[in-house]
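These notes concern the structure reproduced below.
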Amino acid sequence: MNNVITRFAPSPTGNLHIGGVRTALYNYLIAKKYHGKFLLRIEDTDRERSKEEYVQDILQSLQWLNITWDQLVFQSQRSDLYINHLKILEEKGSVYKCFCEKDRLEALRKDQMEKKLPIKYDKKCLLNPAPNHGSFVYRLKNERHEKIIIKDNVLGEVTFDPKEFDDLIIRRSDGTFTYNYVVVIDDIDLKITHVIRGVDHLNNTAKQILLYEALGKSLPEFAHIPLIMGSDGKRLSKRHGAASLLEYKTAGFLPEALNNFLARIGWGYKDEEIFTLDELLQKFELNSINPSHGIFNYEKLLWLNGHYLSKKNPAEIISLIKEQLGVAIGDVPASLIELIKPRSKTLQELYDQLLFYVNDEITIQDDAKKMIPPEMIKPAQDLIEEFKANSEWNKQMLEQSFQKVITKHSLKLVQLAQFVRAAVTGKKASPGIFEIIEILGKDRTIRRIESATHFGME
């Protein structure tokens, strides 16, 4: 394919969500795979609902995922273009003014519903035009009789009966233009070659084809992507995951994992699961998208994120924690990060497990308090004495000290280890206790165990 130009066209009426991001990713992949251009078009013609904060959310989300655009376009700045094309349609006789009032249209709609007829305008102002009076809208003449056939790169051939469609309103009485109109004008003007969007736009595509034909323009290629469903089979919503993509960022997910995860919802290549962005560019094709709806599998996202997190070195992780979680954790030993990495699926989980080292003071969590029973106070005090008596501080010395205490008190290693783990980390679970306290250091370990013995006496 030559001169490929795709576009992602979100409305800034809310935060960018998972479904929208996948659409952006697919558009980006096709454009860059064939050395074309990827455009970002902000469809901000809804004056009341469009907000600058949502524009920034869209821009920041895509930038975070490294989905970079070649051109940024705002519909609100293109009114002259829409007016000029309306004049062209008027000159061609493809549009007409409709003066019908709201009450008449409502009555018409009610009558059609009662008679179980298609809900559409009856062409009164076209067939029996009255003298111009009051406000009016512009409608596109739908005079097509042949079936509308969409040759879709994902769904195959889809057919619509044009008789089912209204004479589309393309300009409202307040002078604003409608979605189906401005989308077509923009796509024509920007020379979009591939329109890749959700399958919920399929009906809109059929209507928009009438506009392409009225303007005498050739059609782009179409690809309608199946929806993303929750694990319950229902359309993805807030209850299935975060409402905004950037919430995944602050929760500690990595952009590599999200790109990989989103690309794989409804698309696959052989039996492979792991794809970098460069690998996706090489292997992604529209006709390999599954036409069935994809499932949002949160557990798979966690698994992928854990995989990419495991590939990061300690310096990268410290930098990512600062960038994504907004926390500067200072000088944390690389050995501790390497120890905790395999137990973490997100940056947030990893950071939470570092807190026992980062913070001077810790709080013993409720489920860990039961690991500090009164009968373990004396063994813990003896362990402190063993530590103080040794000038060394290494894993071998720690193991020997533990062994002496559990032999003296006829304990199992797990009993003493649980006490010390709760004392030094505040948690019920952690990596190996000897590795943890070796990294924590002698003074901090002793101080925390002493504090826990006082807690156990209460």
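Going by the structure tokens order, chains are called A, B, ..., each with residues numbered from 1, while ligands are numbered from 1 in the order shown.
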
#### Entry: Residues near Lys404 in chain A, cut-off 9 Å, only C-alpha atoms, skip fewer than 5 positions along chain, as a VMD selection string
chain A and resid 383 386 399 409

### Task
Using only C-alpha atoms, determine which residues lie at most 12 Å from Ile321 in chain A, disregarding the query and same-chain residues fewer than 2 positions distant; provide the list as an MDAnalysis selection string.
chainID A and resid 249:254 309 312 314:319 323:330 332 337 346:352 354

Selected residues, N, CA and C atoms, written as a compact mmCIF listing (two decimals), in the first residue's frame, please.
# COMPACT_ATOMS: atom_id res chain seq x y z
N LYS A 249 -1.73 4.35 34.11
CA LYS A 249 -0.38 4.87 34.32
C LYS A 249 -0.11 5.08 35.80
N THR A 250 -1.03 5.75 36.49
CA THR A 250 -0.81 6.03 37.92
C THR A 250 -0.95 4.78 38.77
N ALA A 251 -1.56 3.72 38.22
CA ALA A 251 -1.65 2.45 38.94
C ALA A 251 -0.38 1.61 38.77
N GLY A 252 0.52 2.08 37.90
CA GLY A 252 1.79 1.39 37.77
C GLY A 252 1.89 0.42 36.62
N PHE A 253 1.02 0.57 35.61
CA PHE A 253 1.17 -0.25 34.41
C PHE A 253 2.15 0.43 33.46
N LEU A 254 2.76 -0.37 32.61
CA LEU A 254 3.76 0.14 31.68
C LEU A 254 3.16 0.30 30.29
N LEU A 309 7.81 -5.56 33.39
CA LEU A 309 8.45 -5.02 34.59
C LEU A 309 9.71 -5.82 34.92
N LYS A 312 12.97 -4.60 33.34
CA LYS A 312 13.53 -3.29 33.70
C LYS A 312 14.64 -3.46 34.73
N PRO A 314 17.06 -1.92 37.89
CA PRO A 314 16.69 -1.12 39.07
C PRO A 314 16.66 0.38 38.84
N ALA A 315 17.61 0.91 38.08
CA ALA A 315 17.62 2.35 37.82
C ALA A 315 16.40 2.78 37.04
N GLU A 316 15.99 1.97 36.07
CA GLU A 316 14.79 2.28 35.28
C GLU A 316 13.55 2.25 36.18
N ILE A 317 13.50 1.28 37.07
CA ILE A 317 12.34 1.15 37.95
C ILE A 317 12.23 2.35 38.89
N ILE A 318 13.34 2.78 39.47
CA ILE A 318 13.32 3.95 40.35
C ILE A 318 12.84 5.18 39.58
N SER A 319 13.29 5.31 38.33
CA SER A 319 12.88 6.45 37.50
C SER A 319 11.39 6.37 37.17
N GLU A 323 8.31 8.93 37.90
CA GLU A 323 7.56 9.50 36.79
C GLU A 323 6.08 9.15 36.85
N GLN A 324 5.75 7.90 37.11
CA GLN A 324 4.36 7.46 37.03
C GLN A 324 3.61 7.58 38.35
N LEU A 325 4.30 7.30 39.45
CA LEU A 325 3.62 7.35 40.75
C LEU A 325 3.86 8.67 41.47
N GLY A 326 4.79 9.47 40.93
CA GLY A 326 5.06 10.77 41.53
C GLY A 326 5.78 10.68 42.86
N VAL A 327 6.60 9.63 43.05
CA VAL A 327 7.30 9.40 44.32
C VAL A 327 8.80 9.27 44.07
N ALA A 328 9.57 10.07 44.76
CA ALA A 328 11.03 9.94 44.70
C ALA A 328 11.47 9.08 45.88
N ILE A 329 12.05 7.91 45.60
CA ILE A 329 12.34 6.96 46.69
C ILE A 329 13.81 6.96 47.09
N GLY A 330 14.61 7.81 46.47
CA GLY A 330 16.00 7.93 46.89
C GLY A 330 16.85 6.74 46.50
N VAL A 332 17.77 3.30 46.76
CA VAL A 332 17.34 1.96 47.16
C VAL A 332 18.29 0.94 46.55
N ILE A 337 15.57 -4.30 44.87
CA ILE A 337 14.63 -4.22 43.75
C ILE A 337 14.60 -5.54 42.98
N THR A 346 2.83 -4.78 39.11
CA THR A 346 2.76 -3.37 38.73
C THR A 346 3.81 -2.58 39.50
N LEU A 347 4.08 -1.37 39.03
CA LEU A 347 4.98 -0.48 39.75
C LEU A 347 4.46 -0.17 41.14
N GLN A 348 3.14 -0.06 41.27
CA GLN A 348 2.56 0.24 42.57
C GLN A 348 2.80 -0.89 43.55
N GLU A 349 2.64 -2.13 43.09
CA GLU A 349 2.91 -3.27 43.96
C GLU A 349 4.38 -3.28 44.38
N LEU A 350 5.26 -3.02 43.42
CA LEU A 350 6.69 -3.02 43.72
C LEU A 350 7.03 -1.93 44.72
N TYR A 351 6.46 -0.75 44.50
CA TYR A 351 6.72 0.36 45.41
C TYR A 351 6.21 0.04 46.82
N ASP A 352 5.03 -0.55 46.91
CA ASP A 352 4.47 -0.90 48.23
C ASP A 352 5.40 -1.85 48.99
N LEU A 354 8.59 -1.91 48.69
CA LEU A 354 9.82 -1.20 49.03
C LEU A 354 9.67 -0.29 50.25

### Task
Pick out each residue of range 27-102 of chain A that DSSP on the backbone tags as helix (DSSP H, G or I); I need them as a ChimeraX atom specification.
/A:27-33,52-64,75-77,79-92,102

For C-alpha atoms, I'd like the residues from the last selection saved as a CSV table (one decimal), in the first residue's frame.
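And here is the file that came out, again21.csv:
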chain,number,residue,atom,x,y,z
A,27,ASN,CA,-4.6,3.3,13.1
A,28,TYR,CA,-1.1,4.1,14.1
A,29,LEU,CA,0.2,0.6,13.3
A,30,ILE,CA,-1.3,0.5,9.8
A,31,ALA,CA,0.0,4.0,9.0
A,32,LYS,CA,3.5,3.3,10.2
A,33,LYS,CA,3.7,-0.2,8.8
A,52,GLU,CA,-9.8,21.4,27.4
A,53,GLU,CA,-9.0,19.0,30.2
A,54,TYR,CA,-10.2,16.1,28.1
A,55,VAL,CA,-8.1,17.3,25.1
A,56,GLN,CA,-5.1,17.2,27.4
A,57,ASP,CA,-6.1,13.7,28.6
A,58,ILE,CA,-6.2,12.5,25.0
A,59,LEU,CA,-2.8,14.0,24.1
A,60,GLN,CA,-1.0,12.8,27.3
A,61,SER,CA,-2.5,9.3,27.0
A,62,LEU,CA,-1.2,8.8,23.4
A,63,GLN,CA,2.1,10.4,24.2
A,64,TRP,CA,2.6,8.0,27.1
A,75,GLN,CA,-12.6,20.4,14.0
A,76,SER,CA,-13.6,23.6,15.8
A,77,GLN,CA,-11.0,25.4,13.6
A,79,SER,CA,-15.8,25.8,10.0
A,80,ASP,CA,-14.9,27.5,6.7
A,81,LEU,CA,-14.1,24.1,5.1
A,82,TYR,CA,-17.6,22.8,6.1
A,83,ILE,CA,-19.3,25.9,4.8
A,84,ASN,CA,-17.5,25.7,1.5
A,85,HIS,CA,-18.5,22.0,0.9
A,86,LEU,CA,-22.1,22.8,1.8
A,87,LYS,CA,-22.1,25.4,-0.9
A,88,ILE,CA,-20.8,22.7,-3.3
A,89,LEU,CA,-23.6,20.4,-2.3
A,90,GLU,CA,-26.1,23.2,-2.8
A,91,GLU,CA,-24.8,24.0,-6.3
A,92,LYS,CA,-25.1,20.3,-7.2
A,102,LYS,CA,-40.1,20.0,16.1

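The shortest atom-to-atom distance to Lys370 in chain A, with only C-alpha atoms taken into account, belongs to A:Lys427 out of A:Lys427, A:Lys412, A:Lys207, A:Lys322.
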
### Task
Determine the nearest neighbour of Arg235 in chain A from the options A:Pro129, A:Pro10, A:Pro255, A:Gly19, counting only C-alpha atoms.
A:Gly19

### Task
Would you mind reading off the distance between CA of Phe74 in chain A and CA of Ala9 in chain A, one decimal, in Å?
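A separation of 9.5 Å between them.
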
### Residues flagged strand (DSSP E or B) by DSSP in range 149-306 of chain A, as a PyMOL selection string
chain A and resi 149-152+156-160+169-171+177+194-198+221-225+228-229+235+267+289+294-295

### Query
Near Tyr26 in chain A, within 12 Å and counting only C-alpha atoms, which residues show up once chain neighbours fewer than 3 positions away are dropped, as a PyMOL selection string?
chain A and resi 6-8+19-23+29-33+38+67+194-198+223-225+259-260+262-267+277+280-281+283-289

### Message
Calculated over only C-alpha atoms, which of the candidates A:Pro333, A:Pro118, A:Gly432, A:Gly216 has the smallest distance to Pro162 in chain A?
### Response
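Among the listed residues, the smallest separation from Pro162 in chain A belongs to A:Pro118.
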
### Selected residue, from A:Cys125, A:Ile185, A:Ile209, A:Val154, that lies nearest to Pro226 in chain A when counting only C-alpha atoms
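So, comparing all the options, the nearest one is A:Val154.
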
### Query
A:Ala214, A:Ile364, A:Leu301, A:Ile433: which is nearest Gln415 in chain A, counting only C-alpha atoms?
A:Ile433

### Task
Rank A:Thr205, A:Ser401, A:Asn66, A:Asn359 by their smallest atom-to-atom distance to Glu256 in chain A, using only C-alpha atoms, and report the top residue only.
A:Asn66

Residue neighbourhood Ile169 in chain A, 8 Å, only C-alpha atoms, exclusion window fewer than 4 positions, as an mmCIF file with C-alpha atoms, in the first residue's frame:
data_model
loop_
_atom_site.group_PDB
_atom_site.id
_atom_site.type_symbol
_atom_site.label_atom_id
_atom_site.label_comp_id
_atom_site.auth_asym_id
_atom_site.auth_seq_id
_atom_site.Cartn_x
_atom_site.Cartn_y
_atom_site.Cartn_z
ATOM 1 C CA VAL A 137 -31.889 22.732 8.668
ATOM 2 C CA TYR A 138 -30.017 21.431 5.652
ATOM 3 C CA ARG A 139 -30.796 17.854 4.641
ATOM 4 C CA LEU A 140 -28.940 15.615 2.227
ATOM 5 C CA THR A 178 -23.592 17.287 12.331
#

Pick out the residues sitting within 10 Å of Lys300 in chain A, and hand them over as a PDB file with N, CA and C atoms, in the first residue's frame; count only C-alpha atoms, and ignore anything fewer than 6 positions along from it in its own chain.
ATOM      1  N   ALA A 257       3.284  -2.781  28.071  1.00  0.00           N
ATOM      2  CA  ALA A 257       2.310  -3.824  28.408  1.00  0.00           C
ATOM      3  C   ALA A 257       0.930  -3.484  27.861  1.00  0.00           C
ATOM      4  N   PHE A 261      -1.108  -5.589  25.195  1.00  0.00           N
ATOM      5  CA  PHE A 261      -2.410  -6.112  25.638  1.00  0.00           C
ATOM      6  C   PHE A 261      -3.532  -5.679  24.699  1.00  0.00           C
ATOM      7  N   GLY A 306       3.711  -7.652  34.407  1.00  0.00           N
ATOM      8  CA  GLY A 306       4.759  -8.287  35.197  1.00  0.00           C
ATOM      9  C   GLY A 306       5.926  -8.711  34.321  1.00  0.00           C
TER      10      GLY A 306
END

### Query
Excluding same-chain residues fewer than 4 positions from Gly441 in chain A, what lies within 10 Å of it counting only C-alpha atoms, as a VMD selection string?
chain A and resid 357 393 to 394 436 to 437 445 to 446

Please produce an output containing N, CA and C atoms for each residue in the selection, written as a PDB file, in the first residue's frame.
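The result, stored in selection_7.pdb:
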ATOM      1  N   TYR A 357      11.707  -0.438  53.445  1.00  0.00           N
ATOM      2  CA  TYR A 357      13.083   0.044  53.376  1.00  0.00           C
ATOM      3  C   TYR A 357      13.127   1.567  53.252  1.00  0.00           C
ATOM      4  N   TRP A 393      27.600  -9.053  59.393  1.00  0.00           N
ATOM      5  CA  TRP A 393      26.164  -8.957  59.033  1.00  0.00           C
ATOM      6  C   TRP A 393      26.009  -9.468  57.602  1.00  0.00           C
ATOM      7  N   ASN A 394      25.790 -10.764  57.510  1.00  0.00           N
ATOM      8  CA  ASN A 394      25.615 -11.400  56.211  1.00  0.00           C
ATOM      9  C   ASN A 394      24.655 -12.572  56.358  1.00  0.00           C
ATOM     10  N   ILE A 436      16.081 -10.153  53.179  1.00  0.00           N
ATOM     11  CA  ILE A 436      15.454  -8.876  53.529  1.00  0.00           C
ATOM     12  C   ILE A 436      16.221  -8.157  54.635  1.00  0.00           C
ATOM     13  N   ILE A 437      16.510  -8.853  55.707  1.00  0.00           N
ATOM     14  CA  ILE A 437      17.156  -8.154  56.833  1.00  0.00           C
ATOM     15  C   ILE A 437      18.631  -7.886  56.554  1.00  0.00           C
ATOM     16  N   THR A 445      17.243  -3.319  61.606  1.00  0.00           N
ATOM     17  CA  THR A 445      16.613  -4.602  61.925  1.00  0.00           C
ATOM     18  C   THR A 445      16.432  -4.757  63.430  1.00  0.00           C
ATOM     19  N   ILE A 446      17.493  -4.482  64.178  1.00  0.00           N
ATOM     20  CA  ILE A 446      17.413  -4.618  65.634  1.00  0.00           C
ATOM     21  C   ILE A 446      16.373  -3.660  66.202  1.00  0.00           C
TER      22      ILE A 446
END

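Taking CA of Ser218 in chain A and CA of Gly175 in chain A as the two end points, the separation is 27.4 Å.
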
### Residue neighbourhood Ala422 in chain A, 9 Å, only C-alpha atoms, exclusion window fewer than 4 positions, as a PyMOL selection string
chain A and resi 364-365+368-369+371-372+417-418+426-429+449+452

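Note that the spacing between CA of Ile406 in chain A and CA of Ser451 in chain A amounts to 20.4 Å.
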